[in-house]
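Have a look at entry-v3.cif; it's mmCIF, C-alpha atoms and all ligand atoms:
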```cif
data_query
#
loop_
_atom_site.label_atom_id
_atom_site.label_comp_id
_atom_site.auth_asym_id
_atom_site.auth_seq_id
_atom_site.Cartn_x
_atom_site.Cartn_y
_atom_site.Cartn_z
CA MET A 1 126.79 34.16 90.27
CA GLY A 2 126.44 36.78 93.03
CA LYS A 3 123.80 39.45 93.23
CA GLN A 4 123.92 42.13 90.57
CA ARG A 5 125.43 45.31 92.03
CA ILE A 6 123.62 48.38 90.74
CA GLY A 7 124.60 51.94 91.61
CA LEU A 8 122.31 54.98 91.50
CA PHE A 9 123.82 58.44 91.39
CA GLY A 10 121.13 61.05 92.04
CA GLY A 11 121.66 64.79 91.96
CA THR A 12 121.00 67.95 90.04
CA PHE A 13 124.06 67.79 87.75
CA ASP A 14 123.78 71.52 86.97
CA PRO A 15 126.29 71.04 85.44
CA VAL A 16 127.98 67.63 85.56
CA HIS A 17 131.64 68.15 86.54
CA LEU A 18 134.87 66.28 87.17
CA GLY A 19 133.92 65.67 90.83
CA HIS A 20 130.92 63.58 89.72
CA VAL A 21 133.05 61.55 87.32
CA LEU A 22 135.62 60.80 90.03
CA VAL A 23 132.93 59.76 92.54
CA ALA A 24 131.53 57.41 89.90
CA GLN A 25 134.92 55.88 89.19
CA ALA A 26 135.61 55.32 92.89
CA ALA A 27 132.21 53.63 93.34
CA MET A 28 132.66 51.39 90.30
CA GLU A 29 136.08 50.23 91.49
CA GLU A 30 135.73 50.10 95.26
CA ALA A 31 132.15 48.82 95.47
CA ARG A 32 132.66 46.66 92.36
CA LEU A 33 129.47 47.90 90.73
CA ASP A 34 128.22 46.14 87.62
CA ARG A 35 126.28 49.16 86.38
CA LEU A 36 125.87 52.76 87.45
CA PHE A 37 122.82 54.87 86.61
CA PHE A 38 123.09 58.66 86.78
CA VAL A 39 119.64 59.96 87.73
CA PRO A 40 119.32 63.73 87.33
CA ALA A 41 116.48 65.15 89.43
CA ALA A 42 113.77 67.31 87.90
CA ARG A 43 114.06 69.35 91.10
CA SER A 44 115.86 68.45 94.33
CA PRO A 45 113.72 68.41 97.51
CA PHE A 46 116.58 70.30 99.19
CA LYS A 47 116.90 72.99 96.54
CA GLU A 48 113.25 73.79 95.90
CA ALA A 49 113.92 77.51 95.81
CA LEU A 50 116.33 77.13 92.89
CA THR A 51 115.25 76.55 89.29
CA PRO A 52 117.89 74.35 87.68
CA SER A 53 119.00 74.52 84.04
CA SER A 54 116.62 72.73 81.69
CA GLY A 55 116.37 68.97 81.91
CA ALA A 56 117.33 68.78 78.22
CA ASP A 57 120.62 70.62 78.81
CA ARG A 58 121.52 68.63 81.92
CA LEU A 59 120.74 65.35 80.16
CA ARG A 60 122.76 66.26 77.08
CA TRP A 61 125.80 67.23 79.17
CA LEU A 62 125.54 63.96 81.10
CA ARG A 63 125.13 61.82 77.97
CA LEU A 64 128.17 63.42 76.32
CA THR A 65 130.26 63.09 79.47
CA LEU A 66 129.42 59.42 79.97
CA SER A 67 129.40 58.33 76.34
CA GLY A 68 132.70 56.45 76.49
CA HIS A 69 131.65 54.35 79.49
CA SER A 70 129.79 51.16 78.70
CA ARG A 71 128.72 50.53 82.30
CA TYR A 72 127.35 54.04 82.91
CA GLU A 73 123.81 54.97 81.93
CA VAL A 74 121.68 58.08 82.17
CA ASP A 75 118.21 57.56 83.64
CA THR A 76 115.76 60.19 82.40
CA SER A 77 112.84 59.06 84.56
CA GLU A 78 112.96 61.78 87.25
CA ILE A 79 113.17 64.54 84.65
CA GLU A 80 110.32 62.96 82.67
CA ARG A 81 108.20 62.65 85.82
CA GLY A 82 108.79 66.33 86.62
CA GLY A 83 108.01 68.06 89.91
CA VAL A 84 110.15 67.43 92.97
CA SER A 85 112.17 64.22 92.64
CA PHE A 86 112.22 61.89 95.64
CA ALA A 87 114.83 59.13 95.64
CA ILE A 88 112.38 56.61 97.08
CA GLU A 89 110.21 56.67 93.95
CA THR A 90 113.22 55.91 91.76
CA VAL A 91 114.49 53.24 94.14
CA LYS A 92 111.12 51.46 94.08
CA ALA A 93 111.25 51.40 90.27
CA TYR A 94 114.73 49.81 90.36
CA GLN A 95 113.53 47.18 92.82
CA ILE A 96 110.86 46.17 90.32
CA PHE A 97 113.20 46.34 87.35
CA PHE A 98 116.15 44.54 89.00
CA PRO A 99 114.63 42.11 91.49
CA GLY A 100 117.26 40.60 93.79
CA ALA A 101 119.94 43.17 92.89
CA GLN A 102 121.95 44.92 95.60
CA LEU A 103 121.27 48.65 95.19
CA TYR A 104 123.83 51.30 96.10
CA TYR A 105 123.18 55.05 96.21
CA LEU A 106 126.02 57.55 95.79
CA ILE A 107 125.93 60.76 97.85
CA GLY A 108 128.29 63.52 98.90
CA ALA A 109 129.38 63.54 102.56
CA ASP A 110 127.28 66.69 103.13
CA HIS A 111 124.16 64.53 102.66
CA VAL A 112 124.96 61.90 105.30
CA GLU A 113 123.62 63.77 108.34
CA LYS A 114 120.56 64.87 106.33
CA LEU A 115 119.50 61.31 105.44
CA PRO A 116 116.78 61.24 108.15
CA LEU A 117 115.07 64.06 106.21
CA TRP A 118 114.74 61.94 103.06
CA ARG A 119 111.18 60.84 102.29
CA GLU A 120 110.29 57.28 103.42
CA GLY A 121 113.63 56.96 105.16
CA GLN A 122 112.91 53.58 106.73
CA GLN A 123 112.10 52.03 103.36
CA LEU A 124 115.17 53.68 101.79
CA ALA A 125 117.41 52.42 104.58
CA GLU A 126 116.15 48.87 104.05
CA SER A 127 116.68 49.09 100.31
CA LEU A 128 120.02 50.83 99.91
CA HIS A 129 123.63 50.83 100.88
CA PHE A 130 124.98 54.39 100.61
CA LEU A 131 128.41 55.14 99.13
CA VAL A 132 130.21 58.36 100.01
CA VAL A 133 133.36 60.03 98.76
CA PRO A 134 134.27 62.86 101.13
CA ARG A 135 135.54 66.09 99.64
CA PRO A 136 138.99 67.15 100.94
CA GLY A 137 138.71 68.13 104.59
CA GLU A 138 135.24 66.58 105.05
CA ARG A 139 134.87 64.41 108.13
CA GLU A 140 133.55 60.86 107.99
CA ILE A 141 130.53 61.10 110.26
CA SER A 142 128.73 57.88 111.14
CA PHE A 143 125.51 57.03 109.36
CA PRO A 144 122.41 58.02 111.33
CA GLU A 145 120.10 55.12 112.27
CA PRO A 146 118.72 53.22 110.37
CA PHE A 147 120.86 54.14 107.36
CA GLN A 148 124.00 52.25 106.45
CA GLY A 149 126.77 52.86 104.01
CA SER A 150 130.50 53.07 103.42
CA TYR A 151 133.04 55.76 102.79
CA LEU A 152 135.22 55.32 99.73
CA ALA A 153 138.85 56.40 99.44
CA GLY A 154 138.25 57.62 95.90
CA PHE A 155 139.78 60.72 94.57
CA PRO A 156 138.75 63.52 96.95
CA CYS A 157 138.06 66.61 94.92
CA GLN A 158 136.73 70.03 95.92
CA ILE A 159 134.62 70.68 92.80
CA SER A 160 130.87 71.24 93.13
CA ALA A 161 128.28 72.46 90.65
CA SER A 162 127.83 75.67 92.67
CA LEU A 163 131.57 76.31 92.41
CA ILE A 164 131.28 75.96 88.61
CA ARG A 165 128.26 78.33 88.44
CA ASN A 166 129.97 80.87 90.73
CA ARG A 167 133.17 80.81 88.71
CA VAL A 168 131.23 81.48 85.50
CA ARG A 169 129.46 84.39 87.20
CA GLN A 170 132.81 85.80 88.29
CA GLY A 171 134.28 85.43 84.79
CA LEU A 172 136.74 82.72 85.92
CA SER A 173 137.69 79.74 83.76
CA ILE A 174 135.99 76.37 84.23
CA LYS A 175 138.25 74.63 81.71
CA ASP A 176 139.40 71.25 83.05
CA LEU A 177 136.76 71.34 85.83
CA VAL A 178 134.04 70.15 83.43
CA PRO A 179 134.37 68.24 80.12
CA SER A 180 135.38 70.52 77.24
CA PHE A 181 132.04 70.36 75.37
CA VAL A 182 130.18 71.26 78.60
CA GLU A 183 132.49 74.22 79.06
CA GLU A 184 131.99 75.32 75.45
CA ASP A 185 128.22 75.09 75.72
CA ILE A 186 128.15 77.03 79.01
CA VAL A 187 130.41 79.76 77.64
CA ASN A 188 128.84 80.00 74.14
CA ARG A 189 125.27 80.10 75.41
CA GLN A 190 126.12 82.25 78.43
CA ILE A 191 124.56 79.79 80.84
CA TYR A 192 125.11 80.95 84.46
CA SER A 193 126.63 84.26 83.22
P1 LIG B 1 125.59 72.00 94.09
O1 LIG B 1 126.89 72.68 94.39
O2 LIG B 1 124.72 72.71 93.11
O3 LIG B 1 124.86 71.54 95.34
P2 LIG B 1 126.82 69.39 93.69
O4 LIG B 1 127.83 69.19 92.63
O5 LIG B 1 127.29 69.38 95.12
O6 LIG B 1 126.00 70.70 93.29
P3 LIG B 1 124.84 67.55 92.61
O7 LIG B 1 125.06 67.99 91.20
O8 LIG B 1 123.45 67.47 93.09
O9 LIG B 1 125.61 68.39 93.69
O10 LIG B 1 125.68 66.22 92.79
C1 LIG B 1 125.15 64.92 92.91
C2 LIG B 1 125.79 64.22 94.09
O11 LIG B 1 127.21 64.19 93.92
C3 LIG B 1 125.52 64.91 95.42
O12 LIG B 1 125.24 63.90 96.38
C4 LIG B 1 126.83 65.61 95.72
O13 LIG B 1 127.05 65.76 97.11
C5 LIG B 1 127.84 64.64 95.09
N1 LIG B 1 129.07 65.32 94.72
C6 LIG B 1 129.20 66.33 93.83
N2 LIG B 1 130.49 66.72 93.73
C7 LIG B 1 131.21 65.93 94.58
C8 LIG B 1 132.60 65.85 94.94
N3 LIG B 1 133.52 66.68 94.42
N4 LIG B 1 132.96 64.91 95.86
C9 LIG B 1 132.04 64.09 96.40
N5 LIG B 1 130.71 64.11 96.12
C10 LIG B 1 130.30 65.02 95.22
#
```
Is it possible to give me this structure as structure tokens?
Ligand code: ATP
Amino acid sequence: MGKQRIGLFGGTFDPVHLGHVLVAQAAMEEARLDRLFFVPAARSPFKEALTPSSGADRLRWLRLTLSGHSRYEVDTSEIERGGVSFAIETVKAYQIFFPGAQLYYLIGADHVEKLPLWREGQQLAESLHFLVVPRPGEREISFPEPFQGSYLAGFPCQISASLIRNRVRQGLSIKDLVPSFVEEDIVNRQIYS
């Protein structure tokens, strides 16, 4: 039996949207992942100025969205730890929990050139293979040393969480861009309005 192939999908997921689900599907298929863990950050190191929606809301939306998928899991550890979430801390925990597994980390193409800014980059680069699905029109730039990864064909999609939040603010529909219960919750509770 080959090495177990474990994917980690970090991010803010404020809210989870169709783009995330399509990235996950591409990674499962193209990188032949055995399991994929969605790891919502308490706070992103790159968005420290922004206070995200509560961890409880973001976790509930993720759980509902992923409930039909037996190989997807939601990892609550970064939200439970609180503070600013650094990928390296989570990756070290997975190395202990899944010794010998090949770890993959899913990111958007906008993050590739910023990888050298990630904390403990050398250790991350030695531990992970990055997987990227470019949004439509995004260029495939090469991975900065010492990081390595692959671009997936996937299902390029323009949706981002900021697009969802902006559309709500402008009174535009987010139906079909997020799962229906996420849309209902956002509209009923006037989140982002
Ligand atoms: P925001 O607009 O608030 O920055 P986001 O949707 O881009 O939100 P996160 O919720 O943090 O970002 O998403 C987690 C990861 O998924 C990030 O690495 C992000 O780049 C990636 N991602 C999100 N949407 C897409 C998409 N449509 N195509 C490819 N990657 C995506």
Enter the distance from CA of Phe38 in chain A to CA of Asp185 in chain A, in Å, rounded to one decimal. 20.5 Å
Within 10 Å of Glu113 in chain A, counting only C-alpha atoms, which residues qualify if same-chain residues fewer than 4 places away don't, as a list in words?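 Using only C-alpha atoms, the neighbours found are Ala109, Leu117, Ile141, Ser142, Phe143 and Pro144 of chain A.
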Residues up to 6 Å from ligand LIG 1 (chain B), counting all atoms listed in the file: could you list those as a list in words? Gly10, Gly11, Thr12, Phe13, Asp14, Gly19, His20, Val23, Ile107, Gly108, Val133, Pro134, Arg135, Cys157, Gln158, Ile159, Ser160, Ala161 and Ser162 of chain A
Keeping C-alpha atoms for every residue in the selection just given, could you write it to a file as a PDB file, keeping the file's coordinate frame?
```
ATOM      1  CA  GLY A  10     121.130  61.050  92.040  1.00  0.00           C
ATOM      2  CA  GLY A  11     121.660  64.790  91.960  1.00  0.00           C
ATOM      3  CA  THR A  12     121.000  67.950  90.040  1.00  0.00           C
ATOM      4  CA  PHE A  13     124.060  67.790  87.750  1.00  0.00           C
ATOM      5  CA  ASP A  14     123.780  71.520  86.970  1.00  0.00           C
ATOM      6  CA  GLY A  19     133.920  65.670  90.830  1.00  0.00           C
ATOM      7  CA  HIS A  20     130.920  63.580  89.720  1.00  0.00           C
ATOM      8  CA  VAL A  23     132.930  59.760  92.540  1.00  0.00           C
ATOM      9  CA  ILE A 107     125.930  60.760  97.850  1.00  0.00           C
ATOM     10  CA  GLY A 108     128.290  63.520  98.900  1.00  0.00           C
ATOM     11  CA  VAL A 133     133.360  60.030  98.760  1.00  0.00           C
ATOM     12  CA  PRO A 134     134.270  62.860 101.130  1.00  0.00           C
ATOM     13  CA  ARG A 135     135.540  66.090  99.640  1.00  0.00           C
ATOM     14  CA  CYS A 157     138.060  66.610  94.920  1.00  0.00           C
ATOM     15  CA  GLN A 158     136.730  70.030  95.920  1.00  0.00           C
ATOM     16  CA  ILE A 159     134.620  70.680  92.800  1.00  0.00           C
ATOM     17  CA  SER A 160     130.870  71.240  93.130  1.00  0.00           C
ATOM     18  CA  ALA A 161     128.280  72.460  90.650  1.00  0.00           C
ATOM     19  CA  SER A 162     127.830  75.670  92.670  1.00  0.00           C
TER      20      SER A 162
END
```
Identify which of the residues A:Phe9, A:Phe155, A:Tyr192, A:Tyr104 lies closest to Ala26 in chain A, counting only C-alpha atoms when measuring atom-to-atom distances.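 Among the listed residues, the smallest separation from Ala26 in chain A belongs to A:Phe155.
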Extract, using only C-alpha atoms, all DNA, RNA and protein residues at most 9 Å from Asp57 in chain A, discarding same-chain residues fewer than 4 positions from it, and format them as a PDB file with C-alpha atoms, in the frame of the given file.
```pdb
ATOM      1  CA  ASP A  14     123.780  71.520  86.970  1.00  0.00           C
ATOM      2  CA  PRO A  15     126.290  71.040  85.440  1.00  0.00           C
ATOM      3  CA  SER A  53     119.000  74.520  84.040  1.00  0.00           C
ATOM      4  CA  TRP A  61     125.800  67.230  79.170  1.00  0.00           C
ATOM      5  CA  LEU A  62     125.540  63.960  81.100  1.00  0.00           C
TER       6      LEU A  62
END
```
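The closest residue to Met28 in chain A, picked from A:Lys92, A:Arg71, A:Arg139, A:Arg43 and counting only C-alpha atoms, is A:Arg71.
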Looking at A:Glu48, A:Arg60, A:Ser173, A:Trp118, which one is nearest to Val187 in chain A, with distances taken over only C-alpha atoms? A:Ser173
When you draw a straight line from CA of Ala125 in chain A to CA of Glu78 in chain A, how long is it in Å? 20.2 Å
Using all atoms listed in the file, give me every residue within 12 Å of (110.0, 56.3, 95.0) in file coordinates, as a ChimeraX atom specification. /A:77-78,81,84-96,118-121,123-124,127
Show me, as number ranges by chain, the residues that have an atom within 9 Å of Val21 in chain A when counting only C-alpha atoms, minus same-chain residues fewer than 5 positions from it. A: 16, 26, 65-66
For CA of Leu115 in chain A and CA of Glu140 in chain A, determine how far apart the two atoms are, in Å to one decimal place.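 Between CA of Leu115 in chain A and CA of Glu140 in chain A the gap works out to 14.3 Å.
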In terms of the shortest atom-to-atom distance over all atoms listed in the file, which of A:Ile186, A:Leu18, A:Leu131, A:Val178 is closest to Ala153 in chain A? A:Leu131
Which of A:Lys47, A:Arg169, A:Arg189, A:Arg35 sits closest to Tyr72 in chain A [using only C-alpha atoms]: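 Checking each of A:Lys47, A:Arg169, A:Arg189, A:Arg35 against Tyr72 in chain A, counting only C-alpha atoms, the winner is A:Arg35.
When all atoms listed in the file are used to compute distances to Gly171 in chain A, the closest of the residues A:Ser193, A:Ser54, A:His17, A:Gly83 turns out to be A:Ser193.
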Exercise on range 124-129 of chain A, axis-aligned box with 5 Å per side, report centre and edge lengths in Å to one decimal, as AutoDock Vina command-line options:
```
--center_x 119.4 --center_y 51.3 --center_z 102.2 --size_x 18.5 --size_y 14.8 --size_z 14.7
```
Nearby residues (all atoms listed in the file) at most 9 Å from Tyr105 in chain A, same-chain spacing under 3 positions excluded, as a ChimeraX atom specification: /A:6-10,128-132,149
